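K.L.:
Dropping in run17.cif, which is mmCIF, C-alpha atoms:
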```
data_upload
#
loop_
_atom_site.group_PDB
_atom_site.id
_atom_site.type_symbol
_atom_site.label_atom_id
_atom_site.label_comp_id
_atom_site.auth_asym_id
_atom_site.auth_seq_id
_atom_site.Cartn_x
_atom_site.Cartn_y
_atom_site.Cartn_z
ATOM 1 C CA MET A 30 126.233 81.864 109.667
ATOM 2 C CA ILE A 31 124.561 80.768 106.444
ATOM 3 C CA GLU A 32 121.129 81.183 108.043
ATOM 4 C CA ILE A 33 121.943 84.710 109.256
ATOM 5 C CA LEU A 34 123.250 85.724 105.837
ATOM 6 C CA GLY A 35 120.177 84.215 104.185
ATOM 7 C CA LEU A 36 117.811 86.065 106.522
ATOM 8 C CA VAL A 37 119.643 89.341 105.865
ATOM 9 C CA LEU A 38 119.307 88.830 102.113
ATOM 10 C CA ILE A 39 115.589 88.041 102.466
ATOM 11 C CA PHE A 40 115.164 91.168 104.620
ATOM 12 C CA ILE A 41 116.850 93.290 101.929
ATOM 13 C CA ALA A 42 114.695 91.682 99.233
ATOM 14 C CA GLY A 43 111.687 92.469 101.418
ATOM 15 C CA LEU A 44 112.708 96.140 101.516
ATOM 16 C CA PHE A 45 112.571 96.312 97.712
ATOM 17 C CA VAL A 46 109.255 94.430 97.606
ATOM 18 C CA GLY A 47 107.873 96.735 100.297
ATOM 19 C CA SER A 48 108.833 99.776 98.227
ATOM 20 C CA PHE A 49 106.820 98.368 95.334
ATOM 21 C CA LEU A 50 103.889 97.455 97.592
ATOM 22 C CA ASP A 51 103.689 101.030 98.830
ATOM 23 C CA VAL A 52 103.505 102.212 95.217
ATOM 24 C CA VAL A 53 100.683 99.720 94.625
ATOM 25 C CA SER A 54 98.822 101.004 97.702
ATOM 26 C CA ASP A 55 99.008 104.530 96.236
ATOM 27 C CA ARG A 56 98.264 103.861 92.587
ATOM 28 C CA VAL A 57 95.590 101.161 92.682
ATOM 29 C CA PRO A 58 93.089 103.275 94.716
ATOM 30 C CA ALA A 59 93.698 106.066 92.162
ATOM 31 C CA HIS A 60 92.979 103.605 89.306
ATOM 32 C CA GLN A 61 96.546 103.860 88.036
ATOM 33 C CA SER A 62 98.848 101.049 86.960
ATOM 34 C CA PRO A 63 101.624 100.338 89.481
ATOM 35 C CA LEU A 64 103.799 99.040 86.627
ATOM 36 C CA LYS A 65 103.659 102.090 84.371
ATOM 37 C CA GLY A 66 105.134 105.523 84.865
ATOM 38 C CA ARG A 67 108.095 106.792 86.876
ATOM 39 C CA SER A 68 107.854 107.529 90.571
ATOM 40 C CA LYS A 69 107.407 111.211 91.375
ATOM 41 C CA CYS A 70 107.476 113.423 94.425
ATOM 42 C CA PRO A 71 103.852 113.942 95.554
ATOM 43 C CA HIS A 72 104.669 117.575 96.441
ATOM 44 C CA CYS A 73 106.700 119.014 93.533
ATOM 45 C CA ASN A 74 105.950 116.281 90.970
ATOM 46 C CA ALA A 75 109.672 115.880 90.208
ATOM 47 C CA THR A 76 110.606 112.551 88.632
ATOM 48 C CA LEU A 77 112.667 110.513 91.100
ATOM 49 C CA GLY A 78 115.944 108.974 89.972
ATOM 50 C CA PRO A 79 117.483 105.632 90.980
ATOM 51 C CA LYS A 80 119.453 107.240 93.843
ATOM 52 C CA ASP A 81 116.151 108.537 95.285
ATOM 53 C CA LEU A 82 114.510 105.111 95.251
ATOM 54 C CA ILE A 83 116.913 102.892 97.194
ATOM 55 C CA PRO A 84 114.642 101.352 99.841
ATOM 56 C CA LEU A 85 115.183 102.799 103.322
ATOM 57 C CA LEU A 86 118.722 103.993 102.512
ATOM 58 C CA SER A 87 117.511 106.901 100.346
ATOM 59 C CA PHE A 88 115.088 107.973 103.087
ATOM 60 C CA ILE A 89 117.910 107.964 105.651
ATOM 61 C CA LEU A 90 120.439 109.767 103.436
ATOM 62 C CA LEU A 91 117.883 112.393 102.414
ATOM 63 C CA ARG A 92 116.834 112.785 106.066
ATOM 64 C CA GLY A 93 113.244 112.106 105.172
ATOM 65 C CA LYS A 94 112.982 114.983 102.695
ATOM 66 C CA CYS A 95 112.588 115.308 98.932
ATOM 67 C CA ARG A 96 115.890 116.025 97.199
ATOM 68 C CA TYR A 97 114.224 118.555 94.873
ATOM 69 C CA CYS A 98 111.713 120.540 96.946
ATOM 70 C CA GLY A 99 112.856 119.783 100.483
ATOM 71 C CA LYS A 100 109.421 118.782 101.737
ATOM 72 C CA LYS A 101 109.026 115.843 104.095
ATOM 73 C CA ILE A 102 108.596 112.355 102.670
ATOM 74 C CA SER A 103 105.688 110.423 104.138
ATOM 75 C CA LEU A 104 106.647 107.895 106.800
ATOM 76 C CA TYR A 105 104.435 105.404 104.977
ATOM 77 C CA TYR A 106 107.293 104.738 102.538
ATOM 78 C CA PRO A 107 109.930 103.485 105.007
ATOM 79 C CA ALA A 108 107.215 101.881 107.142
ATOM 80 C CA ALA A 109 106.025 99.699 104.244
ATOM 81 C CA GLU A 110 109.600 98.761 103.365
ATOM 82 C CA ILE A 111 110.593 97.849 106.921
ATOM 83 C CA LEU A 112 107.364 95.987 107.599
ATOM 84 C CA THR A 113 107.743 93.883 104.461
ATOM 85 C CA GLY A 114 111.424 93.173 105.121
ATOM 86 C CA VAL A 115 110.799 92.140 108.714
ATOM 87 C CA THR A 116 107.786 90.038 107.717
ATOM 88 C CA PHE A 117 109.701 88.146 105.013
ATOM 89 C CA ALA A 118 112.673 87.517 107.329
ATOM 90 C CA ALA A 119 110.375 86.400 110.171
ATOM 91 C CA LEU A 120 108.557 83.976 107.870
ATOM 92 C CA ALA A 121 111.852 82.526 106.637
ATOM 93 C CA TYR A 122 113.065 82.089 110.219
ATOM 94 C CA TYR A 123 109.758 80.650 111.446
ATOM 95 C CA LEU A 124 109.573 78.105 108.607
ATOM 96 C CA GLY A 125 113.270 77.271 108.794
ATOM 97 C CA VAL A 126 113.897 77.675 105.074
ATOM 98 C CA PHE A 127 117.658 77.610 105.630
ATOM 99 C CA THR A 128 117.840 75.028 108.423
ATOM 100 C CA GLN A 129 115.471 72.588 106.694
ATOM 101 C CA PRO A 130 116.041 73.025 102.943
ATOM 102 C CA ASN A 131 112.959 71.486 101.380
ATOM 103 C CA PRO A 132 111.032 72.473 98.237
ATOM 104 C CA LEU A 133 107.716 72.286 100.130
ATOM 105 C CA ILE A 134 109.008 74.642 102.826
ATOM 106 C CA TRP A 135 110.091 77.148 100.170
ATOM 107 C CA LEU A 136 106.706 76.760 98.486
ATOM 108 C CA ASN A 137 104.979 77.495 101.793
ATOM 109 C CA PHE A 138 107.274 80.499 102.286
ATOM 110 C CA GLY A 139 106.358 81.788 98.823
ATOM 111 C CA TYR A 140 102.653 81.413 99.584
ATOM 112 C CA LEU A 141 102.876 83.199 102.951
ATOM 113 C CA ALA A 142 105.130 85.947 101.547
ATOM 114 C CA ALA A 143 102.671 86.584 98.697
ATOM 115 C CA LEU A 144 99.756 86.570 101.149
ATOM 116 C CA ALA A 145 101.610 88.998 103.420
ATOM 117 C CA SER A 146 102.196 91.255 100.407
ATOM 118 C CA PHE A 147 98.468 91.361 99.672
ATOM 119 C CA LEU A 148 97.714 92.201 103.313
ATOM 120 C CA ILE A 149 100.382 94.930 103.439
ATOM 121 C CA VAL A 150 98.913 96.636 100.366
ATOM 122 C CA ILE A 151 95.428 96.418 101.904
ATOM 123 C CA LEU A 152 96.759 97.731 105.221
ATOM 124 C CA PHE A 153 98.404 100.829 103.750
ATOM 125 C CA ALA A 154 95.667 101.551 101.200
ATOM 126 C CA ASP A 155 93.046 101.576 103.948
ATOM 127 C CA MET A 156 95.230 103.626 106.284
ATOM 128 C CA LYS A 157 95.920 106.245 103.612
ATOM 129 C CA TYR A 158 92.643 106.433 101.705
ATOM 130 C CA LYS A 159 90.106 104.552 103.861
ATOM 131 C CA LEU A 160 89.647 102.202 100.934
ATOM 132 C CA ILE A 161 90.228 98.474 100.381
ATOM 133 C CA PRO A 162 90.651 98.140 96.589
ATOM 134 C CA ASN A 163 88.803 95.315 94.864
ATOM 135 C CA ARG A 164 91.789 95.022 92.518
ATOM 136 C CA VAL A 165 93.813 93.804 95.506
ATOM 137 C CA VAL A 166 91.449 91.944 97.814
ATOM 138 C CA VAL A 167 89.671 89.938 95.086
ATOM 139 C CA PRO A 168 92.923 88.551 93.585
ATOM 140 C CA ALA A 169 94.037 87.776 97.144
ATOM 141 C CA ILE A 170 90.882 85.725 97.718
ATOM 142 C CA ILE A 171 91.346 83.865 94.420
ATOM 143 C CA PHE A 172 95.015 83.238 95.260
ATOM 144 C CA VAL A 173 94.198 81.746 98.676
ATOM 145 C CA LEU A 174 91.362 79.596 97.311
ATOM 146 C CA PHE A 175 93.626 78.307 94.533
ATOM 147 C CA PHE A 176 96.330 77.435 97.062
ATOM 148 C CA MET A 177 93.840 75.689 99.368
ATOM 149 C CA VAL A 178 92.393 73.562 96.558
ATOM 150 C CA GLY A 179 95.865 72.893 95.149
ATOM 151 C CA SER A 180 97.136 71.797 98.570
ATOM 152 C CA PHE A 181 94.215 69.399 98.955
ATOM 153 C CA ALA A 182 94.850 67.912 95.503
ATOM 154 C CA PHE A 183 98.585 67.559 96.202
ATOM 155 C CA ILE A 184 98.026 65.872 99.568
ATOM 156 C CA ALA A 185 95.458 63.520 98.050
ATOM 157 C CA ALA A 186 97.680 62.524 95.126
ATOM 158 C CA SER A 187 100.927 62.198 97.086
ATOM 159 C CA SER A 188 99.387 60.209 99.948
ATOM 160 C CA TYR A 189 97.652 57.863 97.483
ATOM 161 C CA SER A 190 100.870 57.218 95.539
ATOM 162 C CA GLN A 191 102.812 56.573 98.758
ATOM 163 C CA MET A 192 100.232 54.095 99.996
ATOM 164 C CA LYS A 193 100.041 52.414 96.602
ATOM 165 C CA ALA A 194 103.803 51.786 96.673
ATOM 166 C CA ASP A 195 103.778 50.179 100.136
ATOM 167 C CA PRO A 196 102.259 46.762 101.025
ATOM 168 C CA PHE A 197 100.730 48.041 104.255
ATOM 169 C CA GLY A 198 99.588 51.155 102.450
ATOM 170 C CA GLN A 199 97.790 49.005 99.904
ATOM 171 C CA TYR A 200 95.939 47.355 102.779
ATOM 172 C CA LEU A 201 94.961 50.803 104.101
ATOM 173 C CA LEU A 202 93.635 51.681 100.668
ATOM 174 C CA GLU A 203 91.563 48.517 100.571
ATOM 175 C CA VAL A 204 89.972 49.142 103.973
ATOM 176 C CA GLY A 205 89.099 52.746 103.016
ATOM 177 C CA TYR A 206 91.564 54.589 105.283
ATOM 178 C CA TRP A 207 92.735 56.940 102.500
ATOM 179 C CA GLN A 208 89.152 57.712 101.499
ATOM 180 C CA SER A 209 88.186 58.540 105.089
ATOM 181 C CA GLN A 210 91.182 60.864 105.471
ATOM 182 C CA MET A 211 90.333 62.670 102.238
ATOM 183 C CA ILE A 212 86.722 63.082 103.340
ATOM 184 C CA TYR A 213 87.986 64.600 106.610
ATOM 185 C CA LEU A 214 90.274 67.021 104.757
ATOM 186 C CA LEU A 215 87.499 67.944 102.341
ATOM 187 C CA GLN A 216 85.133 68.598 105.248
ATOM 188 C CA SER A 217 87.756 70.864 106.865
ATOM 189 C CA LEU A 218 88.128 72.755 103.584
ATOM 190 C CA LEU A 219 84.367 73.221 103.246
ATOM 191 C CA ILE A 220 84.030 74.307 106.880
ATOM 192 C CA THR A 221 86.701 76.956 106.318
ATOM 193 C CA ILE A 222 84.931 78.297 103.226
ATOM 194 C CA VAL A 223 81.485 78.268 104.874
ATOM 195 C CA SER A 224 82.791 79.971 108.033
ATOM 196 C CA ALA A 225 84.475 82.630 105.872
ATOM 197 C CA LEU A 226 81.178 83.235 104.075
ATOM 198 C CA LEU A 227 79.383 83.550 107.420
ATOM 199 C CA LEU A 228 81.940 86.106 108.625
ATOM 200 C CA ALA A 229 81.481 88.088 105.426
ATOM 201 C CA GLY A 230 77.724 87.865 105.912
ATOM 202 C CA PHE A 231 78.107 89.142 109.480
ATOM 203 C CA PHE A 232 79.998 92.193 108.205
ATOM 204 C CA LYS A 233 77.364 92.712 105.518
ATOM 205 C CA LEU A 234 74.727 92.689 108.253
ATOM 206 C CA LEU A 235 76.697 95.269 110.261
ATOM 207 C CA ILE A 236 76.845 97.546 107.230
ATOM 208 C CA TRP A 237 73.084 97.204 106.781
ATOM 209 C CA ILE A 238 72.406 97.930 110.475
ATOM 210 C CA THR A 239 74.768 100.931 110.593
ATOM 211 C CA LYS A 240 73.701 102.126 107.108
ATOM 212 C CA GLY A 241 77.270 101.935 105.851
ATOM 213 C CA LYS A 242 78.810 104.106 108.556
ATOM 214 C CA GLY A 243 82.326 102.971 109.438
ATOM 215 C CA MET A 244 82.452 99.941 107.125
ATOM 216 C CA GLY A 245 82.139 99.195 103.442
ATOM 217 C CA GLY A 246 82.146 96.443 100.882
ATOM 218 C CA GLY A 247 85.930 96.185 101.098
ATOM 219 C CA ASP A 248 85.663 95.157 104.744
ATOM 220 C CA VAL A 249 83.208 92.412 103.771
ATOM 221 C CA LYS A 250 85.641 90.981 101.228
ATOM 222 C CA LEU A 251 88.558 91.339 103.634
ATOM 223 C CA ALA A 252 86.574 89.476 106.307
ATOM 224 C CA PHE A 253 86.047 86.657 103.799
ATOM 225 C CA LEU A 254 89.788 86.631 103.045
ATOM 226 C CA VAL A 255 90.644 86.543 106.759
ATOM 227 C CA GLY A 256 88.166 83.704 107.194
ATOM 228 C CA LEU A 257 89.897 81.678 104.495
ATOM 229 C CA VAL A 258 93.421 82.400 105.707
ATOM 230 C CA ASN A 259 92.874 81.579 109.364
ATOM 231 C CA GLY A 260 90.316 78.792 109.080
ATOM 232 C CA PHE A 261 87.657 77.918 111.634
ATOM 233 C CA PRO A 262 87.667 78.637 114.590
ATOM 234 C CA LEU A 263 90.748 80.858 114.410
ATOM 235 C CA ASN A 264 89.016 83.150 111.911
ATOM 236 C CA VAL A 265 86.494 83.971 114.633
ATOM 237 C CA VAL A 266 89.390 84.712 116.989
ATOM 238 C CA ALA A 267 90.849 87.027 114.322
ATOM 239 C CA VAL A 268 87.608 89.000 113.979
ATOM 240 C CA VAL A 269 87.149 89.296 117.767
ATOM 241 C CA LEU A 270 90.733 90.557 118.087
ATOM 242 C CA ALA A 271 90.039 93.065 115.315
ATOM 243 C CA PHE A 272 86.995 94.478 117.104
ATOM 244 C CA VAL A 273 88.762 94.569 120.489
ATOM 245 C CA SER A 274 91.905 96.240 119.135
ATOM 246 C CA GLY A 275 89.794 98.661 117.090
ATOM 247 C CA ALA A 276 87.734 99.612 120.122
ATOM 248 C CA VAL A 277 90.820 100.119 122.294
ATOM 249 C CA PHE A 278 92.564 102.205 119.622
ATOM 250 C CA SER A 279 89.473 104.339 119.021
ATOM 251 C CA GLY A 280 89.014 104.821 122.770
ATOM 252 C CA VAL A 281 92.594 106.009 123.181
ATOM 253 C CA LEU A 282 92.234 108.470 120.292
ATOM 254 C CA MET A 283 89.031 109.874 121.806
ATOM 255 C CA LEU A 284 90.658 110.208 125.228
ATOM 256 C CA LEU A 285 93.485 112.123 123.578
ATOM 257 C CA ARG A 286 90.860 114.151 121.682
ATOM 258 C CA ARG A 287 92.416 113.170 118.366
ATOM 259 C CA LYS A 288 89.132 111.692 117.138
ATOM 260 C CA GLY A 289 85.453 112.157 117.905
ATOM 261 C CA LEU A 290 82.488 109.773 117.927
ATOM 262 C CA ARG A 291 81.549 110.784 114.378
ATOM 263 C CA ASP A 292 85.039 110.326 112.929
ATOM 264 C CA VAL A 293 85.581 107.283 110.728
ATOM 265 C CA ILE A 294 88.556 105.054 111.503
ATOM 266 C CA PRO A 295 89.449 102.450 108.834
ATOM 267 C CA PHE A 296 88.735 98.945 110.107
ATOM 268 C CA GLY A 297 90.892 97.097 107.573
ATOM 269 C CA PRO A 298 94.150 97.512 109.543
ATOM 270 C CA PHE A 299 92.522 95.949 112.600
ATOM 271 C CA LEU A 300 91.290 92.982 110.564
ATOM 272 C CA VAL A 301 94.815 92.501 109.224
ATOM 273 C CA PHE A 302 96.213 92.794 112.754
ATOM 274 C CA GLY A 303 93.669 90.317 114.122
ATOM 275 C CA SER A 304 94.404 87.868 111.320
ATOM 276 C CA VAL A 305 98.162 87.973 111.904
ATOM 277 C CA VAL A 306 97.857 87.568 115.677
ATOM 278 C CA ALA A 307 95.353 84.727 115.263
ATOM 279 C CA PHE A 308 97.620 83.053 112.715
ATOM 280 C CA ILE A 309 100.515 83.045 115.209
ATOM 281 C CA PHE A 310 98.826 82.805 118.618
ATOM 282 C CA GLY A 311 95.235 81.953 117.726
ATOM 283 C CA GLN A 312 95.224 78.395 119.041
ATOM 284 C CA GLN A 313 96.661 79.478 122.409
ATOM 285 C CA ILE A 314 94.098 82.277 122.659
ATOM 286 C CA PHE A 315 91.272 79.894 121.746
ATOM 287 C CA ASN A 316 92.446 77.299 124.293
ATOM 288 C CA TRP A 317 92.677 80.039 126.937
ATOM 289 C CA TYR A 318 89.093 81.073 126.193
ATOM 290 C CA LEU A 319 87.865 77.477 126.406
ATOM 291 C CA ALA A 320 89.567 77.122 129.813
ATOM 292 C CA LEU A 321 87.652 80.169 131.058
ATOM 293 C CA ILE A 322 84.274 78.699 130.181
#
```
Do you think you could lay out the structure here as structure tokens?

P.N.:
Amino acid sequence: MIEILGLVLIFIAGLFVGSFLDVVSDRVPAHQSPLKGRSKCPHCNATLGPKDLIPLLSFILLRGKCRYCGKKISLYYPAAEILTGVTFAALAYYLGVFTQPNPLIWLNFGYLAALASFLIVILFADMKYKLIPNRVVVPAIIFVLFFMVGSFAFIAASSYSQMKADPFGQYLLEVGYWQSQMIYLLQSLLITIVSALLLAGFFKLLIWITKGKGMGGGDVKLAFLVGLVNGFPLNVVAVVLAFVSGAVFSGVLMLLRRKGLRDVIPFGPFLVFGSVVAFIFGQQIFNWYLALI
């Protein structure tokens, strides 16, 4: 019962965060501050009051229309709120923040929730404006790198102190076991960073070959971010999934005559999709591929 109540509260908190993230996805591409200025109707420019801004509930009560001009409210607003709420609740359930109360688990939840928030802003900004803002993706990259380096430092320090306090651990320190483990972790960290750089370089090459048609610098930075988040080889799985899902989606749109060969479809959402799927099922997909060859 406590877990269910906790998940509901996290879902509701996610709705409010999602409402803010949608504002960020609108204002940052327009070079506006998401923290300044009141929210307004994009149609009649009327300033929205508190009763108009209750996440999801206001949209339902207003039947998806502006209270002042009666025009339809974009579905992006409730979509961002629901997606964020569901994502936060799913992360809390997956990590077991209520069944295994542990400061490290809550720290991991905070990291993944913040990362998901970055990706949601990127997702909606690219869907709406075909733009991945540097003011979002660059801080996301810095945030992930900081967390990776911080995690390595924490593991190194905590494992050393634990070994130092134990007689057998002291023996392991003397024979170089701790040093070898740290070298292994450092190599894994460097491999992740190098593989992310290679993925970004691959996207840069695609832009050069296609002369910038269909992709831009934002996709290069997002590919680097995906490379860091998923790690090697799952970052490769993420990119392959992005291309496959993008090709399938584009093919369906062309069959339905909603898009033509010359129409540009933002690739950022597919990179986000590929990253999420690889994060959850990437190892199974990679093992399945290895079994085929």

K.L.:
Do a neighbour search on Leu270 (chain A) at 9 Å with all atoms listed in the file, toss out local chain neighbours closer than 5 positions, and write the hits as an MDAnalysis selection string.

P.N.:
chainID A and resid 265 275 299:300 302:304 306:307

K.L.:
Env of Leu77 (chain A): 6 Å cut, atoms = all atoms listed in the file, seq-sep filter 2 positions within chain, self excluded. Answer as an NGL selection string.

P.N.:
:A and (68-69 or 81)

K.L.:
Applying 10 Å and all atoms listed in the file, which residues near Ala121 (chain A) remain after dropping the ones on its own chain fewer than 4 positions away? List them as a PyMOL selection string.

P.N.:
chain A and resi 32+35-36+39-40+115-117+125-128+134-135+137-139+141-142

K.L.:
Decode the PyMOL selection byres ((chain A and resi 229-244) around 12) for the given file into explicit residues and return them as a VMD selection string.

P.N.:
chain A and resid 155 159 to 161 222 to 228 245 to 257 264 to 265 268 272 275 290 to 297 300

K.L.:
How many Å lie between CA of Phe153 (chain A) and CA of Val165 (chain A), rounded to one decimal?

P.N.:
11.8 Å

K.L.:
Please, what distance in Å, to one decimal, runs between CA of Gly114 (chain A) and CA of Phe45 (chain A)?

P.N.:
8.1 Å
